[in-house]
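Each remark here refers to the structure printed beneath this line.
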Amino acid sequence: MKILVVGGGGREHALVWKLAQSPLADEIYCAPGNAGIAGLAECVNIAADDVDTLLEFAQAENIGLTVVGPEAPLAAGIVDKFTAAGLKIFGPSQKAAMIEGSKALAKEIMEKYGIPTAKYAAFDDKEAALAYLDTNPAPIVVKADGLAAGKGVVVAMTDAEAREAVESMLSGNAFGAAGARVVIEEYLAGEEVSVLAFSDGQTVLPMVSAQDHKRVFDGDQGPNTGGMGAYSPAPIYTPEIAEQVLQQVLQPAVDGMRREGRTYKGVLYAGLMLTDAGVKVLEFNARFGDPETQAVLARLQSDLVEIMLAVIDGRLNEYTLEWSPDAAICVVLASGGYPGSYAKGQPIKGLSAAAEQPDTVVFHAGTKFIGQQVVSDGGRVLGVTACAPTIQGAIDKAYAAVDLISWQDCFCRRDIGAKALKYKV
Ligand code: AMP
Ligand code: GLY
């Protein structure tokens with residue numbers, strides 16, 4: 001079967017890597033892909049959100065399975081268009097992807113179906129939102145309703161910050177239409193865990209847990225990023241909590257979406273906060289997480305092509321997922337200056353030496369070729385991923401490979417996975 005993966009980041013490299021292990025995969029294409037993906041798939045120069053051109057390509061090449069990485073093409077209705085054209089595509093429809101595309105909708109669904117989440121109110125009127133802040137002091141969280149490339153959340157530790165966030169979002173200055181409505185919600189303290197689950201609209205198969213590292217510097221300092229690393233499993237996420245999340249979060253979300261006429265097929269990503277008062281949902285995403293996917297798929301032993309076809313065909317009840325008991329760590333190597341401005345086009349040294357390290361895969365996120373040379377082409381450039389029986393072992397292996405790689409002004413966090421070590425695993 002010919003497979004097309006849509007996207008060109010670290011998550012998509014991990015997807016291509018895992019899909020390529022399936023005996024069902026003959027040729028793999030990736031649009032637009034990157035220099036690392038090019039070793040496993042044919043990269044096609046079509047942007048991930050150029051849905052019409054992607055459809056033409058898939059029809060012309062007789063693609064048997066298309067897998068969508070990022071949220072933008074999902075929100076643009078890529079799944080609906082491919083399905084209408086009779087093509088198999090993995091991901092939620094436009095209506096189902098709204099669980100990520102509208103935070104207010106996600107909150108309504110959670111409230112209606114009894115899914116634990118922070119107390120909230122949604123506003124499109126600035127005065128009403130500011131009045132709400134008068135009676136709900138900081139710490140409090142202000143979220144742009146729509147897609148804002150992961151930047152639409154302000155965790156306000158002071159009233160002034162909260163008011164400023166409301167002012168700038170509802171006056172249209174921040175995030176445009178995505179900020180025309182805001183959700184204001186209760187601040188939750190605790191440890192965050194990401195859980196991804198396959199859903200065919202009825203059956204839910206949760207994957208192993210993971211933890212992202214959103215802040216740019218060690219010790220969770222500095223501004224938020226797209227994710228500086230991840231590890232799996234999150235030891236705080238015990239089997240008891242996992243069962244509770246399946247029964248109280250994932251299954252009710254999938255059942256609720258079906259009842260709302262938004263049947264959810266694909267990967268449902270639950271961002272969870274483990275609070276003293278139990279598990280609460282911070283957000284749902286309609287796709288695989290990045291960089292969680294790099295750590296999670298490194299542990300998947302089942303055939304990903306088979307699972308994805310079962311999701312599309314509504315046969316997920318026939319499957320279980322097999323996992324390696326090993327832990328996995330993904331350390332992101334980034335360009336100096338990220339998440340602010342940074343240089344591109346820097347030659348990267350040490351990639352082959354790193355790739356030869358045992359139990360290690362170097363996933364590319366922002367790279368391209370100039371001639372034969374791989375150069376940096378983004379803020380997050382590589383996700384060095386390693387597996388070992390313990391988290392400490394995986395950390396040691398991943399950083400041994402990281403230390404072989406360099407380019408001008410590259411940096412990484414040195415404490416990926418450290419939070420897990422207090423659980424003595
Ligand atoms: P989201 O895009 O909803 O995941 O939010 C981005 C980040 O903001 C989350 O990963 C959390 O670190 C933080 N966050 C979101 N909602 C809350 C909340 N209610 N309380 C505390 N932190 C939050
Ligand atoms: N790692 C966070 C996300 O993919 O949204």
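Ordering of the structure tokens sets the chain letters (A, B, ...), residue numbers begin anew at 1 in every chain, and ligands are numbered from 1 in the order given.
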
task = Name each residue within 10 Å of ligand 1, counting only C-alpha atoms and all ligand atoms, as a VMD selection string.
result = chain A and resid 100 103 117 to 120 139 to 145 147 to 157 184 to 194 212 to 215 224 to 227 270 to 273 275 280 to 285

Within 12 Å of Leu105 in chain A using only C-alpha atoms, minus same-chain residues under 4 positions, as a list in words = Lys95, Ala96, Ala97, Met98, Ile99, Glu100, Gly101, Ile109, Met110, Glu111, Lys112, Tyr120, Ala121, Ala122, Asp145, Gly146, Arg181, Val182, Val183, Ala253, Gly256, Met257, Glu260, Arg262, Glu283 and Phe284 of chain A

inquiry  = What's around range 196-200 of chain A at 9 Å? Count only C-alpha atoms, leave out sequence neighbours fewer than 2 positions away in its own chain, and write the answer as JSON, numbers by chain.
reply    = {"A": [194, 202, 203, 204, 205, 206, 207, 208, 209, 210, 250, 254, 263, 264, 265, 266, 267, 268, 269, 270, 271, 287, 288, 289, 292, 293, 296, 307, 308, 310, 311, 312, 313, 314, 315, 316, 317]}

Write out as a short mmCIF file (atom, residue, chain, number, x, y, z; two decimals) with all heavy atoms, in the first residue's frame all residues of range 14-250 of chain A that DSSP puts in strand (DSSP E) for this structure's backbone.
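Contents of part.cif, freshly written:
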```cif
data_model
loop_
_atom_site.label_atom_id
_atom_site.label_comp_id
_atom_site.auth_asym_id
_atom_site.auth_seq_id
_atom_site.Cartn_x
_atom_site.Cartn_y
_atom_site.Cartn_z
N GLU A 27 5.29 1.98 -0.41
CA GLU A 27 5.98 3.26 -0.57
C GLU A 27 5.36 4.27 0.37
O GLU A 27 4.14 4.29 0.54
CB GLU A 27 5.79 3.77 -1.99
CG GLU A 27 6.78 3.21 -2.98
CD GLU A 27 6.29 3.48 -4.39
OE1 GLU A 27 6.52 4.61 -4.86
OE2 GLU A 27 5.65 2.59 -4.98
N ILE A 28 6.21 5.13 0.95
CA ILE A 28 5.69 6.19 1.81
C ILE A 28 6.08 7.54 1.21
O ILE A 28 7.23 7.73 0.78
CB ILE A 28 6.22 6.07 3.25
CG1 ILE A 28 5.89 4.67 3.80
CG2 ILE A 28 5.62 7.14 4.15
CD1 ILE A 28 6.18 4.48 5.26
N TYR A 29 5.12 8.45 1.18
CA TYR A 29 5.35 9.83 0.75
C TYR A 29 5.09 10.72 1.95
O TYR A 29 4.31 10.38 2.84
CB TYR A 29 4.38 10.22 -0.37
CG TYR A 29 4.53 9.38 -1.61
CD1 TYR A 29 3.84 8.16 -1.73
CD2 TYR A 29 5.34 9.79 -2.66
CE1 TYR A 29 3.98 7.37 -2.86
CE2 TYR A 29 5.49 9.01 -3.79
CZ TYR A 29 4.80 7.80 -3.89
OH TYR A 29 4.93 7.01 -5.01
N CYS A 30 5.75 11.88 1.98
CA CYS A 30 5.49 12.82 3.06
C CYS A 30 5.48 14.23 2.48
O CYS A 30 6.38 14.62 1.72
CB CYS A 30 6.57 12.69 4.14
SG CYS A 30 6.20 13.65 5.62
N ALA A 31 4.43 14.99 2.82
CA ALA A 31 4.28 16.35 2.32
C ALA A 31 4.21 17.32 3.48
O ALA A 31 3.28 17.24 4.26
CB ALA A 31 2.99 16.45 1.49
N PRO A 32 5.16 18.26 3.66
CA PRO A 32 6.34 18.41 2.81
C PRO A 32 7.53 17.58 3.28
O PRO A 32 8.52 17.50 2.55
CB PRO A 32 6.65 19.91 2.95
CG PRO A 32 6.20 20.26 4.33
CD PRO A 32 5.02 19.37 4.62
N GLU A 42 9.48 9.42 0.32
CA GLU A 42 9.72 10.41 -0.73
C GLU A 42 9.04 11.71 -0.33
O GLU A 42 7.81 11.73 -0.12
CB GLU A 42 9.15 9.89 -2.05
CG GLU A 42 9.51 10.80 -3.20
CD GLU A 42 9.04 10.23 -4.53
OE1 GLU A 42 9.15 8.99 -4.72
OE2 GLU A 42 8.55 11.01 -5.36
N CYS A 43 9.82 12.77 -0.15
CA CYS A 43 9.23 14.05 0.25
C CYS A 43 8.63 14.74 -0.97
O CYS A 43 9.23 14.77 -2.04
CB CYS A 43 10.28 14.93 0.92
SG CYS A 43 10.85 14.23 2.48
N LEU A 65 -3.53 5.03 2.06
CA LEU A 65 -3.75 5.54 3.42
C LEU A 65 -3.05 6.88 3.56
O LEU A 65 -1.84 6.98 3.29
CB LEU A 65 -3.18 4.56 4.46
CG LEU A 65 -3.12 5.06 5.91
CD1 LEU A 65 -4.51 5.30 6.48
CD2 LEU A 65 -2.35 4.08 6.81
N THR A 66 -3.79 7.89 3.98
CA THR A 66 -3.19 9.19 4.27
C THR A 66 -3.29 9.42 5.78
O THR A 66 -4.32 9.14 6.39
CB THR A 66 -3.92 10.33 3.51
OG1 THR A 66 -3.77 10.09 2.11
CG2 THR A 66 -3.35 11.70 3.85
N VAL A 67 -2.20 9.90 6.36
CA VAL A 67 -2.13 10.12 7.81
C VAL A 67 -1.82 11.60 8.04
O VAL A 67 -0.82 12.11 7.52
CB VAL A 67 -1.02 9.24 8.44
CG1 VAL A 67 -0.90 9.50 9.93
CG2 VAL A 67 -1.28 7.76 8.16
N VAL A 68 -2.68 12.27 8.82
CA VAL A 68 -2.52 13.72 8.99
C VAL A 68 -1.84 14.01 10.32
O VAL A 68 -2.32 13.58 11.37
CB VAL A 68 -3.90 14.43 8.94
CG1 VAL A 68 -3.71 15.95 8.97
CG2 VAL A 68 -4.68 14.00 7.71
N ILE A 89 -8.35 8.03 4.95
CA ILE A 89 -7.50 9.03 5.61
C ILE A 89 -7.69 8.91 7.11
O ILE A 89 -8.82 8.75 7.59
CB ILE A 89 -7.81 10.45 5.08
CG1 ILE A 89 -6.91 11.50 5.75
CG2 ILE A 89 -9.28 10.80 5.20
CD1 ILE A 89 -6.87 12.83 5.02
N PHE A 90 -6.57 8.99 7.83
CA PHE A 90 -6.59 8.84 9.29
C PHE A 90 -6.61 10.23 9.93
O PHE A 90 -5.65 11.01 9.78
CB PHE A 90 -5.35 8.08 9.76
CG PHE A 90 -5.29 7.93 11.26
CD1 PHE A 90 -5.92 6.88 11.90
CD2 PHE A 90 -4.61 8.87 12.04
CE1 PHE A 90 -5.88 6.75 13.28
CE2 PHE A 90 -4.56 8.76 13.41
CZ PHE A 90 -5.20 7.70 14.03
N TYR A 120 -15.21 27.18 34.44
CA TYR A 120 -14.91 28.17 33.39
C TYR A 120 -16.11 29.01 33.03
O TYR A 120 -17.24 28.71 33.41
CB TYR A 120 -14.44 27.45 32.12
CG TYR A 120 -15.58 26.95 31.26
CD1 TYR A 120 -15.90 27.58 30.06
CD2 TYR A 120 -16.37 25.87 31.67
CE1 TYR A 120 -16.97 27.14 29.28
CE2 TYR A 120 -17.42 25.44 30.89
CZ TYR A 120 -17.72 26.08 29.69
OH TYR A 120 -18.78 25.66 28.94
N ALA A 121 -15.84 30.06 32.25
CA ALA A 121 -16.90 30.81 31.58
C ALA A 121 -16.33 31.26 30.24
O ALA A 121 -15.12 31.48 30.12
CB ALA A 121 -17.34 32.00 32.42
N ALA A 122 -17.20 31.38 29.21
CA ALA A 122 -16.75 31.81 27.88
C ALA A 122 -17.38 33.17 27.56
O ALA A 122 -18.53 33.42 27.90
CB ALA A 122 -17.17 30.78 26.83
N PHE A 123 -16.60 34.04 26.92
CA PHE A 123 -17.06 35.41 26.63
C PHE A 123 -16.66 35.84 25.23
O PHE A 123 -15.55 35.55 24.78
CB PHE A 123 -16.39 36.40 27.59
CG PHE A 123 -16.71 36.14 29.04
CD1 PHE A 123 -15.85 35.37 29.81
CD2 PHE A 123 -17.85 36.67 29.61
CE1 PHE A 123 -16.13 35.12 31.14
CE2 PHE A 123 -18.14 36.42 30.95
CZ PHE A 123 -17.28 35.65 31.73
N ILE A 140 -5.44 32.85 37.42
CA ILE A 140 -6.56 32.45 36.56
C ILE A 140 -6.02 32.30 35.14
O ILE A 140 -4.96 32.87 34.83
CB ILE A 140 -7.72 33.47 36.67
CG1 ILE A 140 -9.00 32.88 36.12
CG2 ILE A 140 -7.36 34.80 36.00
CD1 ILE A 140 -10.25 33.49 36.73
N VAL A 141 -6.74 31.55 34.31
CA VAL A 141 -6.19 31.22 32.99
C VAL A 141 -7.11 31.77 31.90
O VAL A 141 -8.33 31.57 31.96
CB VAL A 141 -6.03 29.69 32.85
CG1 VAL A 141 -5.43 29.33 31.49
CG2 VAL A 141 -5.15 29.14 33.98
N VAL A 142 -6.53 32.49 30.94
CA VAL A 142 -7.29 33.08 29.84
C VAL A 142 -6.87 32.38 28.55
O VAL A 142 -5.67 32.31 28.25
CB VAL A 142 -7.03 34.60 29.73
CG1 VAL A 142 -7.86 35.21 28.60
CG2 VAL A 142 -7.33 35.29 31.06
N LYS A 143 -7.85 31.85 27.80
CA LYS A 143 -7.53 31.08 26.59
C LYS A 143 -8.28 31.64 25.39
O LYS A 143 -9.50 31.81 25.45
CB LYS A 143 -7.93 29.61 26.76
CG LYS A 143 -7.25 28.92 27.94
CD LYS A 143 -7.59 27.43 28.00
CE LYS A 143 -6.76 26.75 29.08
NZ LYS A 143 -6.94 25.28 29.11
N ALA A 144 -7.56 31.88 24.30
CA ALA A 144 -8.22 32.21 23.04
C ALA A 144 -9.02 30.98 22.60
O ALA A 144 -8.54 29.86 22.72
CB ALA A 144 -7.19 32.57 21.98
N VAL A 153 -2.79 30.56 25.23
CA VAL A 153 -3.13 30.38 26.64
C VAL A 153 -2.26 31.28 27.51
O VAL A 153 -1.04 31.26 27.40
CB VAL A 153 -2.92 28.90 27.05
CG1 VAL A 153 -3.15 28.72 28.55
CG2 VAL A 153 -3.84 27.99 26.25
N VAL A 154 -2.91 32.08 28.34
CA VAL A 154 -2.16 32.91 29.29
C VAL A 154 -2.50 32.44 30.70
O VAL A 154 -3.65 32.53 31.13
CB VAL A 154 -2.52 34.41 29.13
CG1 VAL A 154 -1.84 35.25 30.21
CG2 VAL A 154 -2.14 34.90 27.74
N VAL A 155 -1.50 31.90 31.38
CA VAL A 155 -1.68 31.52 32.78
C VAL A 155 -1.31 32.76 33.59
O VAL A 155 -0.14 33.07 33.77
CB VAL A 155 -0.80 30.31 33.14
CG1 VAL A 155 -0.99 29.92 34.60
CG2 VAL A 155 -1.12 29.12 32.24
N ALA A 156 -2.34 33.52 34.02
CA ALA A 156 -2.12 34.83 34.63
C ALA A 156 -1.93 34.66 36.14
O ALA A 156 -2.83 34.18 36.83
CB ALA A 156 -3.29 35.75 34.33
N VAL A 182 -13.12 34.22 24.26
CA VAL A 182 -12.13 33.68 25.21
C VAL A 182 -12.83 32.76 26.21
O VAL A 182 -14.01 32.92 26.49
CB VAL A 182 -11.37 34.78 26.00
CG1 VAL A 182 -10.58 35.69 25.08
CG2 VAL A 182 -12.30 35.57 26.90
N VAL A 183 -12.05 31.80 26.67
CA VAL A 183 -12.48 30.97 27.80
C VAL A 183 -11.64 31.43 28.99
O VAL A 183 -10.41 31.55 28.87
CB VAL A 183 -12.24 29.48 27.51
CG1 VAL A 183 -12.31 28.65 28.77
CG2 VAL A 183 -13.25 28.98 26.47
N ILE A 184 -12.29 31.73 30.10
CA ILE A 184 -11.55 32.07 31.32
C ILE A 184 -11.78 30.91 32.28
O ILE A 184 -12.93 30.53 32.53
CB ILE A 184 -12.05 33.38 31.96
CG1 ILE A 184 -11.94 34.52 30.93
CG2 ILE A 184 -11.26 33.71 33.21
CD1 ILE A 184 -12.37 35.88 31.46
N GLU A 185 -10.68 30.33 32.76
CA GLU A 185 -10.89 29.16 33.62
C GLU A 185 -10.02 29.17 34.85
O GLU A 185 -8.98 29.83 34.91
CB GLU A 185 -10.77 27.85 32.82
CG GLU A 185 -9.38 27.47 32.43
CD GLU A 185 -9.33 26.11 31.73
OE1 GLU A 185 -10.30 25.69 31.07
OE2 GLU A 185 -8.29 25.46 31.85
N GLU A 186 -10.51 28.42 35.81
CA GLU A 186 -9.87 28.23 37.10
C GLU A 186 -8.43 27.75 36.90
O GLU A 186 -8.16 26.91 36.04
CB GLU A 186 -10.71 27.16 37.81
CG GLU A 186 -10.24 26.61 39.08
CD GLU A 186 -11.01 25.29 39.40
OE1 GLU A 186 -11.82 24.81 38.58
OE2 GLU A 186 -10.78 24.77 40.49
N GLU A 191 0.66 18.12 38.39
CA GLU A 191 1.61 17.68 37.38
C GLU A 191 0.83 17.34 36.11
O GLU A 191 -0.23 16.73 36.17
CB GLU A 191 2.40 16.46 37.89
CG GLU A 191 3.70 16.30 37.14
CD GLU A 191 4.68 15.35 37.84
OE1 GLU A 191 4.86 15.44 39.08
OE2 GLU A 191 5.26 14.55 37.13
N GLU A 192 1.38 17.74 34.96
CA GLU A 192 0.70 17.50 33.69
C GLU A 192 1.10 16.17 33.08
O GLU A 192 2.26 15.78 33.13
CB GLU A 192 1.05 18.60 32.69
CG GLU A 192 0.26 19.86 32.90
CD GLU A 192 0.59 20.93 31.87
OE1 GLU A 192 0.50 20.65 30.67
OE2 GLU A 192 0.98 22.03 32.29
N VAL A 193 0.13 15.50 32.47
CA VAL A 193 0.39 14.27 31.74
C VAL A 193 -0.37 14.34 30.42
O VAL A 193 -1.50 14.82 30.38
CB VAL A 193 -0.07 13.02 32.53
CG1 VAL A 193 0.14 11.74 31.73
CG2 VAL A 193 0.68 12.92 33.86
N SER A 194 0.26 13.86 29.35
CA SER A 194 -0.42 13.79 28.05
C SER A 194 -0.80 12.34 27.77
O SER A 194 0.05 11.45 27.90
CB SER A 194 0.51 14.23 26.92
OG SER A 194 1.04 15.50 27.17
N VAL A 195 -2.06 12.13 27.40
CA VAL A 195 -2.48 10.78 27.02
C VAL A 195 -3.13 10.84 25.65
O VAL A 195 -4.06 11.61 25.42
CB VAL A 195 -3.45 10.18 28.06
CG1 VAL A 195 -3.92 8.81 27.60
CG2 VAL A 195 -2.76 10.06 29.39
N LEU A 196 -2.60 10.04 24.74
CA LEU A 196 -3.13 9.96 23.39
C LEU A 196 -3.90 8.65 23.28
O LEU A 196 -3.47 7.64 23.84
CB LEU A 196 -1.97 9.94 22.38
CG LEU A 196 -1.22 11.26 22.11
CD1 LEU A 196 -0.59 11.81 23.36
CD2 LEU A 196 -0.16 11.05 21.05
N ALA A 197 -5.01 8.68 22.57
CA ALA A 197 -5.82 7.46 22.42
C ALA A 197 -6.30 7.34 20.99
O ALA A 197 -6.66 8.34 20.36
CB ALA A 197 -7.01 7.51 23.37
N PHE A 198 -6.31 6.12 20.47
CA PHE A 198 -6.96 5.87 19.18
C PHE A 198 -8.45 5.74 19.43
O PHE A 198 -8.89 5.14 20.43
CB PHE A 198 -6.46 4.56 18.57
CG PHE A 198 -5.01 4.61 18.14
CD1 PHE A 198 -4.03 4.00 18.90
CD2 PHE A 198 -4.65 5.26 16.97
CE1 PHE A 198 -2.69 4.03 18.50
CE2 PHE A 198 -3.32 5.30 16.56
CZ PHE A 198 -2.34 4.68 17.33
N SER A 199 -9.25 6.28 18.51
CA SER A 199 -10.71 6.12 18.60
C SER A 199 -11.26 5.91 17.20
O SER A 199 -10.87 6.62 16.26
CB SER A 199 -11.34 7.37 19.21
OG SER A 199 -12.73 7.39 18.91
N ASP A 200 -12.18 4.94 17.06
CA ASP A 200 -12.86 4.77 15.77
C ASP A 200 -14.28 5.33 15.83
O ASP A 200 -15.11 5.04 14.99
CB ASP A 200 -12.86 3.29 15.36
CG ASP A 200 -13.69 2.41 16.31
OD1 ASP A 200 -14.24 2.94 17.30
OD2 ASP A 200 -13.77 1.20 16.05
N VAL A 204 -12.27 2.98 22.27
CA VAL A 204 -11.13 3.83 22.60
C VAL A 204 -9.97 2.94 23.04
O VAL A 204 -10.13 2.11 23.93
CB VAL A 204 -11.49 4.79 23.76
CG1 VAL A 204 -10.30 5.67 24.12
CG2 VAL A 204 -12.69 5.66 23.39
N LEU A 205 -8.81 3.12 22.41
CA LEU A 205 -7.60 2.40 22.82
C LEU A 205 -6.55 3.43 23.25
O LEU A 205 -5.90 4.04 22.40
CB LEU A 205 -7.03 1.58 21.66
CG LEU A 205 -7.61 0.22 21.33
CD1 LEU A 205 -6.75 -0.46 20.27
CD2 LEU A 205 -7.70 -0.66 22.57
N PRO A 206 -6.39 3.62 24.56
CA PRO A 206 -5.41 4.61 25.01
C PRO A 206 -3.98 4.11 24.77
O PRO A 206 -3.71 2.92 24.84
CB PRO A 206 -5.66 4.73 26.52
CG PRO A 206 -6.95 4.05 26.78
CD PRO A 206 -7.13 3.04 25.68
N GLN A 211 5.00 12.76 29.10
CA GLN A 211 5.03 14.10 29.69
C GLN A 211 5.87 14.99 28.78
O GLN A 211 6.96 14.61 28.34
CB GLN A 211 5.61 14.05 31.09
CG GLN A 211 5.12 15.18 31.96
CD GLN A 211 5.32 14.90 33.45
OE1 GLN A 211 6.30 14.28 33.84
NE2 GLN A 211 4.40 15.34 34.27
N ASP A 212 5.33 16.16 28.47
CA ASP A 212 6.00 17.15 27.62
C ASP A 212 6.79 18.10 28.53
O ASP A 212 6.57 18.12 29.75
CB ASP A 212 4.89 17.91 26.87
CG ASP A 212 5.41 18.83 25.79
OD1 ASP A 212 6.62 18.88 25.56
OD2 ASP A 212 4.56 19.52 25.17
N ARG A 215 8.41 24.56 28.77
CA ARG A 215 9.25 25.76 28.94
C ARG A 215 10.61 25.56 28.31
O ARG A 215 11.11 24.45 28.26
CB ARG A 215 9.42 26.08 30.43
CG ARG A 215 8.13 26.27 31.18
CD ARG A 215 7.39 27.50 30.69
NE ARG A 215 6.25 27.75 31.56
CZ ARG A 215 6.04 28.91 32.16
NH1 ARG A 215 6.88 29.92 32.00
NH2 ARG A 215 4.99 29.07 32.92
N VAL A 216 11.22 26.66 27.92
CA VAL A 216 12.44 26.55 27.11
C VAL A 216 13.67 26.16 27.93
O VAL A 216 14.58 25.51 27.41
CB VAL A 216 12.67 27.86 26.31
CG1 VAL A 216 13.05 29.02 27.22
CG2 VAL A 216 13.72 27.66 25.23
N PHE A 217 13.71 26.54 29.21
CA PHE A 217 14.93 26.31 29.99
C PHE A 217 14.73 25.25 31.07
O PHE A 217 13.61 24.98 31.51
CB PHE A 217 15.42 27.61 30.63
CG PHE A 217 15.75 28.68 29.63
CD1 PHE A 217 15.21 29.96 29.77
CD2 PHE A 217 16.58 28.42 28.54
CE1 PHE A 217 15.51 30.95 28.83
CE2 PHE A 217 16.88 29.41 27.61
CZ PHE A 217 16.33 30.67 27.76
N GLN A 221 11.76 26.82 33.38
CA GLN A 221 11.89 28.28 33.40
C GLN A 221 11.78 28.81 31.96
O GLN A 221 12.01 28.09 31.00
CB GLN A 221 13.26 28.69 33.97
CG GLN A 221 13.53 28.20 35.37
CD GLN A 221 12.57 28.79 36.39
OE1 GLN A 221 12.38 30.00 36.44
NE2 GLN A 221 11.92 27.94 37.18
N GLY A 222 11.48 30.13 31.88
CA GLY A 222 11.47 30.79 30.57
C GLY A 222 10.15 30.61 29.85
O GLY A 222 9.21 29.99 30.36
N PRO A 223 10.07 31.17 28.63
CA PRO A 223 8.80 31.14 27.89
C PRO A 223 8.39 29.76 27.42
O PRO A 223 9.21 28.84 27.35
CB PRO A 223 9.06 32.06 26.70
CG PRO A 223 10.52 32.19 26.59
CD PRO A 223 11.11 31.93 27.94
N ASN A 224 7.11 29.62 27.07
CA ASN A 224 6.61 28.37 26.51
C ASN A 224 7.13 28.14 25.10
O ASN A 224 7.37 29.09 24.36
CB ASN A 224 5.08 28.40 26.46
CG ASN A 224 4.47 27.81 27.71
OD1 ASN A 224 4.96 26.81 28.23
ND2 ASN A 224 3.42 28.43 28.19
N GLY A 229 10.99 18.51 24.86
CA GLY A 229 11.34 17.11 25.10
C GLY A 229 10.17 16.40 25.74
O GLY A 229 9.19 17.03 26.16
N ALA A 230 10.26 15.08 25.77
CA ALA A 230 9.17 14.29 26.34
C ALA A 230 9.74 12.98 26.85
O ALA A 230 10.82 12.56 26.42
CB ALA A 230 8.10 14.02 25.28
N TYR A 231 8.99 12.37 27.74
CA TYR A 231 9.35 11.01 28.13
C TYR A 231 8.08 10.18 28.29
O TYR A 231 6.99 10.72 28.47
CB TYR A 231 10.20 10.97 29.40
CG TYR A 231 9.54 11.52 30.64
CD1 TYR A 231 8.83 10.69 31.49
CD2 TYR A 231 9.66 12.86 30.95
CE1 TYR A 231 8.24 11.18 32.64
CE2 TYR A 231 9.06 13.37 32.10
CZ TYR A 231 8.35 12.51 32.93
OH TYR A 231 7.76 13.01 34.06
N SER A 232 8.26 8.88 28.20
CA SER A 232 7.14 7.95 28.35
C SER A 232 7.69 6.67 28.99
O SER A 232 8.74 6.21 28.58
CB SER A 232 6.54 7.62 26.99
OG SER A 232 5.58 6.59 27.12
#
```

ask   = Leaving out Pro23 in chain A and any residue of its chain fewer than 5 positions from it, which residues lie within 10 Å of it when counting only C-alpha atoms, given as a ChimeraX atom specification?
value = /A:1,303,305-306

ask   = Got a sec: who's within 10 Å of range 361-373 of chain A, counting only C-alpha atoms, leaving out chain neighbours fewer than 5 positions off, as number ranges by chain?
value = A: 8-14, 17, 33-38, 290-291, 294, 298, 330-335, 344-349, 351-352, 354-356, 378-387, 398, 401-402

query = CA of Tyr113 in chain A and CA of Gln248 in chain A are how many Å apart?
reply =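 Distance between the two atoms: 9.3 Å.
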
ask   = Do you know which residues are at most 12 Å from Glu56 in chain A counting only C-alpha atoms, after dropping those on the same chain fewer than 5 positions away, and could you put them as a PyMOL selection string?
value = chain A and resi 46+50-51+61-63+78+81-82+85+87
